[in-house]
file input-v5.txt (compact mmCIF, C-alpha atoms)
# COMPACT_ATOMS: atom_id res chain seq x y z
CA LYS W 1 114.59 89.54 121.93
CA ALA W 2 118.06 89.85 123.47
CA LYS W 3 118.25 93.53 122.48
CA PHE W 4 114.73 94.37 123.66
CA PRO W 5 113.92 91.91 126.48
CA GLY W 6 110.85 93.87 127.49
CA VAL W 7 109.10 92.94 124.25
CA SER W 8 107.17 89.69 124.60
CA TRP W 9 107.70 86.73 122.30
CA ALA W 10 104.01 86.94 121.44
CA ASP W 11 104.41 90.52 120.20
CA LEU W 12 107.61 89.68 118.31
CA ILE W 13 105.93 86.82 116.46
CA GLN W 14 102.93 88.96 115.56
CA MET W 15 105.21 91.81 114.50
CA ALA W 16 107.16 89.42 112.28
CA SER W 17 103.95 88.32 110.56
CA ALA W 18 102.98 91.91 109.75
CA CYS W 19 106.50 92.82 108.62
CA ALA W 20 106.66 89.76 106.34
CA ILE W 21 103.47 90.88 104.58
CA GLU W 22 104.69 94.45 104.16
CA VAL W 23 108.26 93.68 103.03
CA THR W 24 106.99 91.32 100.32
CA GLY W 25 104.75 94.00 98.83
CA GLY W 26 101.56 93.61 100.84
CA PRO W 27 99.58 96.12 102.90
CA LYS W 28 100.69 97.67 106.16
CA ILE W 29 98.77 95.94 108.95
CA PRO W 30 97.54 98.29 111.73
CA MET W 31 98.77 96.03 114.52
CA ARG W 32 98.32 96.55 118.24
CA TYR W 33 100.91 95.35 120.74
CA GLY W 34 101.04 94.57 124.44
CA ARG W 35 100.67 90.78 124.52
CA VAL W 36 101.95 88.91 127.57
CA ASP W 37 103.77 85.59 127.23
CA VAL W 38 102.52 82.51 129.05
CA LYS W 39 104.94 80.89 131.48
CA ASP W 40 104.91 77.44 129.90
CA GLY W 41 103.13 75.20 127.44
CA SER W 42 100.36 74.29 129.88
CA ALA W 43 98.53 77.48 128.87
CA CYS W 44 98.63 76.60 125.17
CA PRO W 45 95.80 74.68 123.45
CA ALA W 46 96.37 70.96 123.02
CA PRO W 47 96.55 69.71 119.41
CA GLN W 48 92.97 68.39 119.40
CA SER W 49 91.46 70.64 122.07
CA ARG W 50 89.46 72.70 119.58
CA GLY W 51 87.73 69.82 117.88
CA THR W 52 90.02 69.53 114.88
CA ASP W 53 93.00 67.44 113.79
CA ASP W 54 96.41 67.68 115.48
CA ASN W 55 96.80 71.37 114.64
CA ALA W 56 95.22 73.24 117.58
CA GLY W 57 92.24 74.43 115.58
CA LEU W 58 93.77 75.40 112.26
CA PRO W 59 92.17 74.23 108.99
CA SER W 60 93.09 70.80 107.68
CA ALA W 61 94.54 70.49 104.18
CA MET W 62 92.03 67.90 103.05
CA ALA W 63 89.41 65.40 104.19
CA PRO W 64 88.70 63.74 106.49
CA TYR W 65 88.20 66.90 108.51
CA GLY W 66 88.56 66.68 112.25
CA CYS W 67 85.63 69.03 112.82
CA GLY W 68 83.30 66.50 111.16
CA ALA W 69 82.59 68.58 108.05
CA LYS W 70 81.69 66.63 104.91
CA ASP W 71 83.14 69.21 102.51
CA ALA W 72 85.80 71.93 102.37
CA PRO W 73 83.51 75.01 102.49
CA THR W 74 81.79 73.72 105.63
CA HIS W 75 85.16 72.92 107.18
CA LEU W 76 86.47 76.44 106.57
CA ARG W 77 83.34 77.96 108.07
CA ASN W 78 83.51 75.64 111.09
CA ILE W 79 87.06 76.79 111.75
CA PHE W 80 86.70 80.52 111.15
CA TYR W 81 83.11 81.32 112.13
CA ARG W 82 83.89 80.37 115.72
CA MET W 83 86.65 83.01 115.63
CA GLY W 84 84.17 85.64 114.51
CA PHE W 85 85.09 85.79 110.83
CA ASP W 86 82.61 86.05 107.97
CA ASP W 87 82.98 84.68 104.43
CA GLU W 88 84.90 87.73 103.26
CA GLY W 89 87.44 87.27 106.06
CA ILE W 90 87.84 83.58 105.27
CA VAL W 91 88.56 84.25 101.61
CA ALA W 92 90.90 87.14 102.45
CA LEU W 93 92.94 85.10 104.91
CA SER W 94 93.15 82.27 102.38
CA GLY W 95 94.83 84.79 100.08
CA ALA W 96 97.90 84.67 102.31
CA HIS W 97 98.76 81.53 100.33
CA THR W 98 100.16 83.95 97.79
CA LEU W 99 103.25 83.50 99.99
CA GLY W 100 104.97 80.29 100.97
CA ARG W 101 105.10 76.62 100.09
CA ALA W 102 104.16 73.14 101.28
CA PHE W 103 106.72 70.37 101.77
CA LYS W 104 106.53 66.60 101.79
CA GLU W 105 108.59 66.54 104.97
CA ARG W 106 106.14 68.85 106.76
CA SER W 107 102.45 68.61 105.87
CA GLY W 108 103.01 65.73 103.47
CA VAL W 109 100.31 66.95 101.06
CA VAL W 110 102.79 67.26 98.16
CA GLU W 111 105.59 65.14 96.73
CA GLN W 112 108.00 68.06 96.50
CA GLY W 113 110.42 68.38 99.38
CA TYR W 114 113.57 70.06 100.65
CA GLY W 115 116.22 71.25 98.19
CA ASP W 116 116.58 71.88 94.48
CA GLY W 117 116.40 68.18 93.71
CA LYS W 118 112.84 68.06 95.03
CA ALA W 119 111.71 71.50 93.91
CA SER W 120 108.82 72.32 91.60
CA LYS W 121 109.14 74.44 88.48
CA TYR W 122 108.72 77.57 90.59
CA THR W 123 110.57 76.77 93.82
CA GLY W 124 114.16 76.17 92.74
CA SER W 125 117.00 78.34 94.00
CA GLY W 126 117.22 80.30 90.73
CA CYS W 127 113.55 81.20 90.45
CA PRO W 128 112.77 84.98 90.34
CA VAL W 129 110.08 85.10 93.01
CA ARG W 130 110.99 88.01 95.26
CA HIS W 131 109.08 91.28 95.47
CA ASP W 132 112.37 93.23 95.61
CA LYS W 133 113.57 91.52 92.40
CA GLN W 134 116.70 90.29 94.14
CA ALA W 135 118.13 86.79 93.81
CA GLY W 136 117.73 84.15 96.48
CA VAL W 137 114.80 82.18 97.84
CA GLY W 138 116.17 80.95 101.13
CA MET W 139 115.80 77.18 101.22
CA PRO W 140 114.68 75.91 97.80
CA GLY W 141 112.12 73.19 97.26
CA GLY W 142 108.53 72.39 98.06
CA MET W 143 105.46 73.37 96.09
CA SER W 144 103.92 76.86 96.08
CA TRP W 145 100.43 78.17 95.41
CA THR W 146 101.77 80.96 93.18
CA LYS W 147 104.65 81.49 90.78
CA ASN W 148 106.02 84.46 92.73
CA TRP W 149 105.68 82.99 96.19
CA LEU W 150 107.81 85.64 97.91
CA THR W 151 105.61 88.46 96.61
CA PHE W 152 102.40 89.39 98.40
CA ASP W 153 99.74 90.28 95.83
CA ASN W 154 96.44 88.89 94.55
CA SER W 155 98.06 86.31 92.26
CA TYR W 156 96.74 83.46 94.45
CA PHE W 157 93.20 84.26 93.31
CA GLN W 158 94.27 84.89 89.73
CA ALA W 159 96.14 81.58 89.58
CA LEU W 160 93.10 79.67 90.83
CA LYS W 161 90.88 81.50 88.39
CA GLY W 162 93.24 80.90 85.48
CA GLY W 163 92.99 77.12 85.43
CA LYS W 164 95.12 74.28 86.72
CA ASP W 165 98.90 74.37 86.63
CA ALA W 166 100.49 71.05 87.59
CA ASP W 167 103.38 72.92 89.21
CA LEU W 168 101.17 74.95 91.55
CA LEU W 169 99.47 73.65 94.68
CA ARG W 170 95.70 73.49 94.80
CA LEU W 171 93.98 71.91 97.81
CA PRO W 172 90.26 71.28 98.36
CA THR W 173 90.14 74.29 100.68
CA ASP W 174 91.55 76.43 97.86
CA GLU W 175 89.03 75.12 95.33
CA ALA W 176 86.23 75.82 97.80
CA LEU W 177 86.80 79.55 97.37
CA TYR W 178 85.53 79.55 93.79
CA GLN W 179 83.19 76.56 93.97
CA ASP W 180 81.08 77.79 96.89
CA PRO W 181 78.73 80.56 95.66
CA LYS W 182 79.04 82.72 98.78
CA PHE W 183 82.83 82.46 98.86
CA LYS W 184 83.02 83.06 95.12
CA ALA W 185 81.61 86.58 95.33
CA HIS W 186 84.63 87.62 97.41
CA PHE W 187 87.02 85.41 95.43
CA ASP W 188 86.11 87.13 92.16
CA ARG W 189 86.36 90.59 93.71
CA PHE W 190 89.85 89.89 95.05
CA ALA W 191 91.00 88.33 91.79
CA ASP W 192 89.89 91.46 89.95
CA SER W 193 91.12 94.04 92.46
CA GLN W 194 94.33 93.85 94.45
CA GLU W 195 93.25 96.97 96.32
CA ALA W 196 90.07 95.25 97.51
CA PHE W 197 92.07 92.20 98.58
CA PHE W 198 94.64 94.27 100.48
CA ASP W 199 91.92 96.18 102.31
CA ALA W 200 90.07 93.03 103.38
CA TYR W 201 93.26 91.15 104.20
CA SER W 202 94.63 93.93 106.37
CA ARG W 203 91.48 93.94 108.48
CA ALA W 204 91.36 90.14 108.73
CA HIS W 205 95.04 89.81 109.66
CA LYS W 206 94.67 92.40 112.41
CA LYS W 207 91.58 90.66 113.77
CA LEU W 208 93.24 87.24 113.75
CA SER W 209 96.29 88.63 115.55
CA GLU W 210 94.11 89.93 118.40
CA LEU W 211 92.17 86.74 119.17
call {"tool": "encode", "arguments": {"input": "input-v5.txt", "output": "structure tokens"}}
result
Amino acid sequence: KAKFPGVSWADLIQMASACAIEVTGGPKIPMRYGRVDVKDGSACPAPQSRGTDDNAGLPSAMAPYGCGAKDAPTHLRNIFYRMGFDDEGIVALSGAHTLGRAFKERSGVVEQGYGDGKASKYTGSGCPVRHDKQAGVGMPGGMSWTKNWLTFDNSYFQALKGGKDADLLRLPTDEALYQDPKFKAHFDRFADSQEAFFDAYSRAHKKLSEL
């Protein structure tokens, strides 16, 4: 930002999201830029302004759901249909959980937390998780959805399809993808074909970035 002050923070954040996908092995996102920053927080949505929990309209990890949904599939559709996504887009965006982790100190949905002492089997500092095969995971700890959580691929779907692993995270909104018949059609396709997942994800990521 200091080097290129004419670039908005909004564009930088969106650019970072696309670069993170690409550098970890995922597809190149055909992003568009030209966003204008707001002057202050008054222009940002309040935590509960979109009818959900304290997360400004993002999906909740588990029930009770702030949107009033009685189950995870309905909750996901309540969140994403209003943004113009269909079931394919919902399942594709969920596949971004191939990257990253949850922490006790943040969302609180897992017992694993910051540091090696609170890491899972796959999130310690010595775990080989990077797409570039180099050492280092940044801050260790937490619980991931996949074994190689710094590699963008279709292993999120394969891990869910392969049965439970006590060292991998699985939330109700993850299970919904293979339990709901309409979601499952896309879930199975992405588990079987990384190319199909990358194509759908690239389109969904671009669309989400332009809302």
call {"tool": "closest_residue", "arguments": {"input": "input-v5.txt", "among": "W:Phe157, W:Phe152, W:Tyr178, W:Phe183", "to": "W:Pro27", "atoms": "all atoms listed in the file"}}
result
W:Phe152
call {"tool": "atom_distance", "arguments": {"input": "input-v5.txt", "atom1": "atom CA of W:Leu169", "atom2": "atom CA of W:Gly84"}}
result
27.8 Å
call {"tool": "residues_around", "arguments": {"input": "input-v5.txt", "residues": "W:Pro45", "least_positions_apart": "6", "cutoff": "10 Å", "atoms": "all atoms listed in the file", "output": "list in words"}}
result
Asn55, Ala56 and Gly57 of chain W
call {"tool": "closest_residue", "arguments": {"input": "input-v5.txt", "among": "W:Met15, W:Cys127, W:Met143, W:Val91", "to": "W:Tyr114", "atoms": "only C-alpha atoms"}}
result
W:Met143
call {"tool": "residues_near_point", "arguments": {"input": "input-v5.txt", "point": "(101.1, 87.0, 119.3)", "cutoff": "7 Å", "atoms": "all atoms listed in the file", "output": "list of chain:residue names"}}
result
W:Ala10, W:Asp11, W:Ile13, W:Gln14, W:Arg35, W:Ser209
call {"tool": "closest_residue", "arguments": {"input": "input-v5.txt", "among": "W:Phe197, W:Lys104, W:Asn154, W:Met139", "to": "W:Glu88", "atoms": "all atoms listed in the file"}}
result
W:Phe197
call {"tool": "closest_residue", "arguments": {"input": "input-v5.txt", "among": "W:Ala46, W:Gln158, W:Phe198, W:Gly25", "to": "W:Val129", "atoms": "all atoms listed in the file"}}
result
W:Gly25
call {"tool": "closest_residue", "arguments": {"input": "input-v5.txt", "among": "W:Asp199, W:Tyr122, W:Thr173, W:Arg106", "to": "W:Ala69", "atoms": "all atoms listed in the file"}}
result
W:Thr173
call {"tool": "atom_distance", "arguments": {"input": "input-v5.txt", "atom1": "atom CA of W:Leu58", "atom2": "atom CA of W:Ile21"}}
result
19.8 Å
call {"tool": "residues_around", "arguments": {"input": "input-v5.txt", "residues": "W:Thr24", "least_positions_apart": "4", "cutoff": "12 Å", "atoms": "all atoms listed in the file", "output": "ChimeraX atom specification"}}
result
/W:17-20,28,96,98-100,129-134,148-153
call {"tool": "write_last_selection", "arguments": {"input": "input-v5.txt", "atoms": "C-alpha atoms", "output": "PDB file, in the coordinates of the input"}}
result
ATOM      1  CA  SER W  17     103.950  88.320 110.560  1.00  0.00           C
ATOM      2  CA  ALA W  18     102.980  91.910 109.750  1.00  0.00           C
ATOM      3  CA  CYS W  19     106.500  92.820 108.620  1.00  0.00           C
ATOM      4  CA  ALA W  20     106.660  89.760 106.340  1.00  0.00           C
ATOM      5  CA  LYS W  28     100.690  97.670 106.160  1.00  0.00           C
ATOM      6  CA  ALA W  96      97.900  84.670 102.310  1.00  0.00           C
ATOM      7  CA  THR W  98     100.160  83.950  97.790  1.00  0.00           C
ATOM      8  CA  LEU W  99     103.250  83.500  99.990  1.00  0.00           C
ATOM      9  CA  GLY W 100     104.970  80.290 100.970  1.00  0.00           C
ATOM     10  CA  VAL W 129     110.080  85.100  93.010  1.00  0.00           C
ATOM     11  CA  ARG W 130     110.990  88.010  95.260  1.00  0.00           C
ATOM     12  CA  HIS W 131     109.080  91.280  95.470  1.00  0.00           C
ATOM     13  CA  ASP W 132     112.370  93.230  95.610  1.00  0.00           C
ATOM     14  CA  LYS W 133     113.570  91.520  92.400  1.00  0.00           C
ATOM     15  CA  GLN W 134     116.700  90.290  94.140  1.00  0.00           C
ATOM     16  CA  ASN W 148     106.020  84.460  92.730  1.00  0.00           C
ATOM     17  CA  TRP W 149     105.680  82.990  96.190  1.00  0.00           C
ATOM     18  CA  LEU W 150     107.810  85.640  97.910  1.00  0.00           C
ATOM     19  CA  THR W 151     105.610  88.460  96.610  1.00  0.00           C
ATOM     20  CA  PHE W 152     102.400  89.390  98.400  1.00  0.00           C
ATOM     21  CA  ASP W 153      99.740  90.280  95.830  1.00  0.00           C
TER      22      ASP W 153
END
call {"tool": "closest_residue", "arguments": {"input": "input-v5.txt", "among": "W:Ala102, W:Ala176, W:Ala63, W:Val109", "to": "W:Gly142", "atoms": "all atoms listed in the file"}}
result
W:Ala102
call {"tool": "atom_distance", "arguments": {"input": "input-v5.txt", "atom1": "atom CA of W:Asn78", "atom2": "atom CA of W:Ser60"}}
result
11.3 Å
call {"tool": "residues_around", "arguments": {"input": "input-v5.txt", "residues": "W:Asp37", "least_positions_apart": "2", "cutoff": "10 Å", "atoms": "all atoms listed in the file", "output": "ChimeraX atom specification"}}
result
/W:7-11,34-35,39-40,43
call {"tool": "axis_aligned_box", "arguments": {"input": "input-v5.txt", "around": "stretch 107-125 of chain W", "padding_each_side": "6 Å", "output": "JSON"}}
result
{"center_x": 108.7, "center_y": 71.7, "center_z": 97.2, "size_x": 28.7, "size_y": 25.2, "size_z": 29.4}
call {"tool": "residues_near_point", "arguments": {"input": "input-v5.txt", "point": "(89.5, 91.2, 92.0)", "cutoff": "12 Å", "atoms": "all atoms listed in the file", "output": "PyMOL selection string"}}
result
chain W and resi 91-92+95+153-159+161+184-200
call {"tool": "residues_around", "arguments": {"input": "input-v5.txt", "residues": "W:Asp165", "least_positions_apart": "5", "cutoff": "10 Å", "atoms": "all atoms listed in the file", "output": "JSON, numbers by chain"}}
result
{"W": [145, 146, 159, 160, 170]}
call {"tool": "decode", "arguments": {"input": "input-v5.txt", "residues": "stretch 41-54 of chain W", "atoms": "all heavy atoms", "output": "CSV table (one decimal), in the first residue's frame"}}
result
chain,number,residue,atom,x,y,z
W,41,GLY,N,-15.9,3.0,9.1
W,41,GLY,CA,-16.6,1.8,9.3
W,41,GLY,C,-18.1,2.0,9.2
W,41,GLY,O,-18.9,1.0,9.2
W,42,SER,N,-18.6,3.2,9.2
W,42,SER,CA,-20.1,3.5,9.1
W,42,SER,C,-20.7,2.9,7.8
W,42,SER,O,-21.9,2.6,7.8
W,42,SER,CB,-20.4,5.0,9.2
W,42,SER,OG,-19.9,5.7,8.1
W,43,ALA,N,-19.9,2.7,6.8
W,43,ALA,CA,-20.4,2.2,5.5
W,43,ALA,C,-20.3,0.6,5.5
W,43,ALA,O,-20.8,0.0,4.5
W,43,ALA,CB,-19.6,2.7,4.4
W,44,CYS,N,-19.8,0.0,6.5
W,44,CYS,CA,-19.7,-1.4,6.6
W,44,CYS,C,-20.9,-2.0,7.3
W,44,CYS,O,-21.5,-1.4,8.1
W,44,CYS,CB,-18.4,-1.8,7.3
W,44,CYS,SG,-16.9,-1.3,6.6
W,45,PRO,N,-21.3,-3.3,6.9
W,45,PRO,CA,-22.5,-3.9,7.5
W,45,PRO,C,-22.2,-4.2,9.0
W,45,PRO,O,-21.1,-4.7,9.3
W,45,PRO,CB,-22.7,-5.2,6.7
W,45,PRO,CG,-21.3,-5.5,6.1
W,45,PRO,CD,-20.7,-4.1,5.8
W,46,ALA,N,-23.2,-4.0,9.8
W,46,ALA,CA,-23.1,-4.3,11.2
W,46,ALA,C,-23.1,-5.8,11.4
W,46,ALA,O,-23.6,-6.5,10.5
W,46,ALA,CB,-24.3,-3.7,12.0
W,47,PRO,N,-22.6,-6.4,12.5
W,47,PRO,CA,-22.5,-7.8,12.6
W,47,PRO,C,-23.8,-8.6,12.4
W,47,PRO,O,-23.7,-9.7,11.8
W,47,PRO,CB,-22.0,-7.9,14.1
W,47,PRO,CG,-21.2,-6.7,14.3
W,47,PRO,CD,-22.0,-5.6,13.6
W,48,GLN,N,-24.9,-8.0,12.8
W,48,GLN,CA,-26.2,-8.8,12.6
W,48,GLN,C,-27.1,-8.1,11.6
W,48,GLN,O,-28.3,-8.5,11.5
W,48,GLN,CB,-26.9,-8.9,14.0
W,48,GLN,CG,-26.1,-9.7,15.0
W,48,GLN,CD,-26.8,-9.8,16.3
W,48,GLN,OE1,-27.6,-9.0,16.7
W,48,GLN,NE2,-26.5,-10.9,17.1
W,49,SER,N,-26.6,-7.2,10.8
W,49,SER,CA,-27.4,-6.5,9.9
W,49,SER,C,-28.0,-7.3,8.7
W,49,SER,O,-29.0,-6.9,8.1
W,49,SER,CB,-26.6,-5.3,9.3
W,49,SER,OG,-25.6,-5.8,8.5
W,50,ARG,N,-27.4,-8.5,8.5
W,50,ARG,CA,-27.9,-9.3,7.4
W,50,ARG,C,-28.7,-10.5,7.9
W,50,ARG,O,-28.8,-11.5,7.1
W,50,ARG,CB,-26.7,-9.7,6.5
W,50,ARG,CG,-26.1,-8.5,5.8
W,50,ARG,CD,-24.8,-8.9,5.1
W,50,ARG,NE,-24.3,-7.8,4.3
W,50,ARG,CZ,-23.1,-7.8,3.8
W,50,ARG,NH1,-22.2,-8.8,4.0
W,50,ARG,NH2,-22.7,-6.7,3.0
W,51,GLY,N,-29.2,-10.5,9.1
W,51,GLY,CA,-30.0,-11.5,9.6
W,51,GLY,C,-29.3,-12.8,10.0
W,51,GLY,O,-29.9,-13.8,10.0
W,52,THR,N,-28.0,-12.7,10.3
W,52,THR,CA,-27.3,-13.8,10.8
W,52,THR,C,-26.7,-13.6,12.1
W,52,THR,O,-26.9,-12.6,12.8
W,52,THR,CB,-26.2,-14.2,9.8
W,52,THR,OG1,-25.3,-13.1,9.6
W,52,THR,CG2,-26.8,-14.6,8.4
W,53,ASP,N,-25.8,-14.4,12.6
W,53,ASP,CA,-25.1,-14.2,13.8
W,53,ASP,C,-24.1,-13.1,13.7
W,53,ASP,O,-24.1,-12.3,12.7
W,53,ASP,CB,-24.3,-15.5,14.2
W,53,ASP,CG,-25.3,-16.6,14.5
W,53,ASP,OD1,-26.4,-16.4,15.1
W,53,ASP,OD2,-24.9,-17.8,14.2
W,54,ASP,N,-23.2,-12.9,14.7
W,54,ASP,CA,-22.3,-11.7,14.7
W,54,ASP,C,-21.2,-11.9,13.6
W,54,ASP,O,-20.0,-11.8,14.0
W,54,ASP,CB,-21.7,-11.5,16.1
W,54,ASP,CG,-22.8,-11.1,17.1
W,54,ASP,OD1,-23.7,-10.4,16.7
W,54,ASP,OD2,-22.6,-11.4,18.3
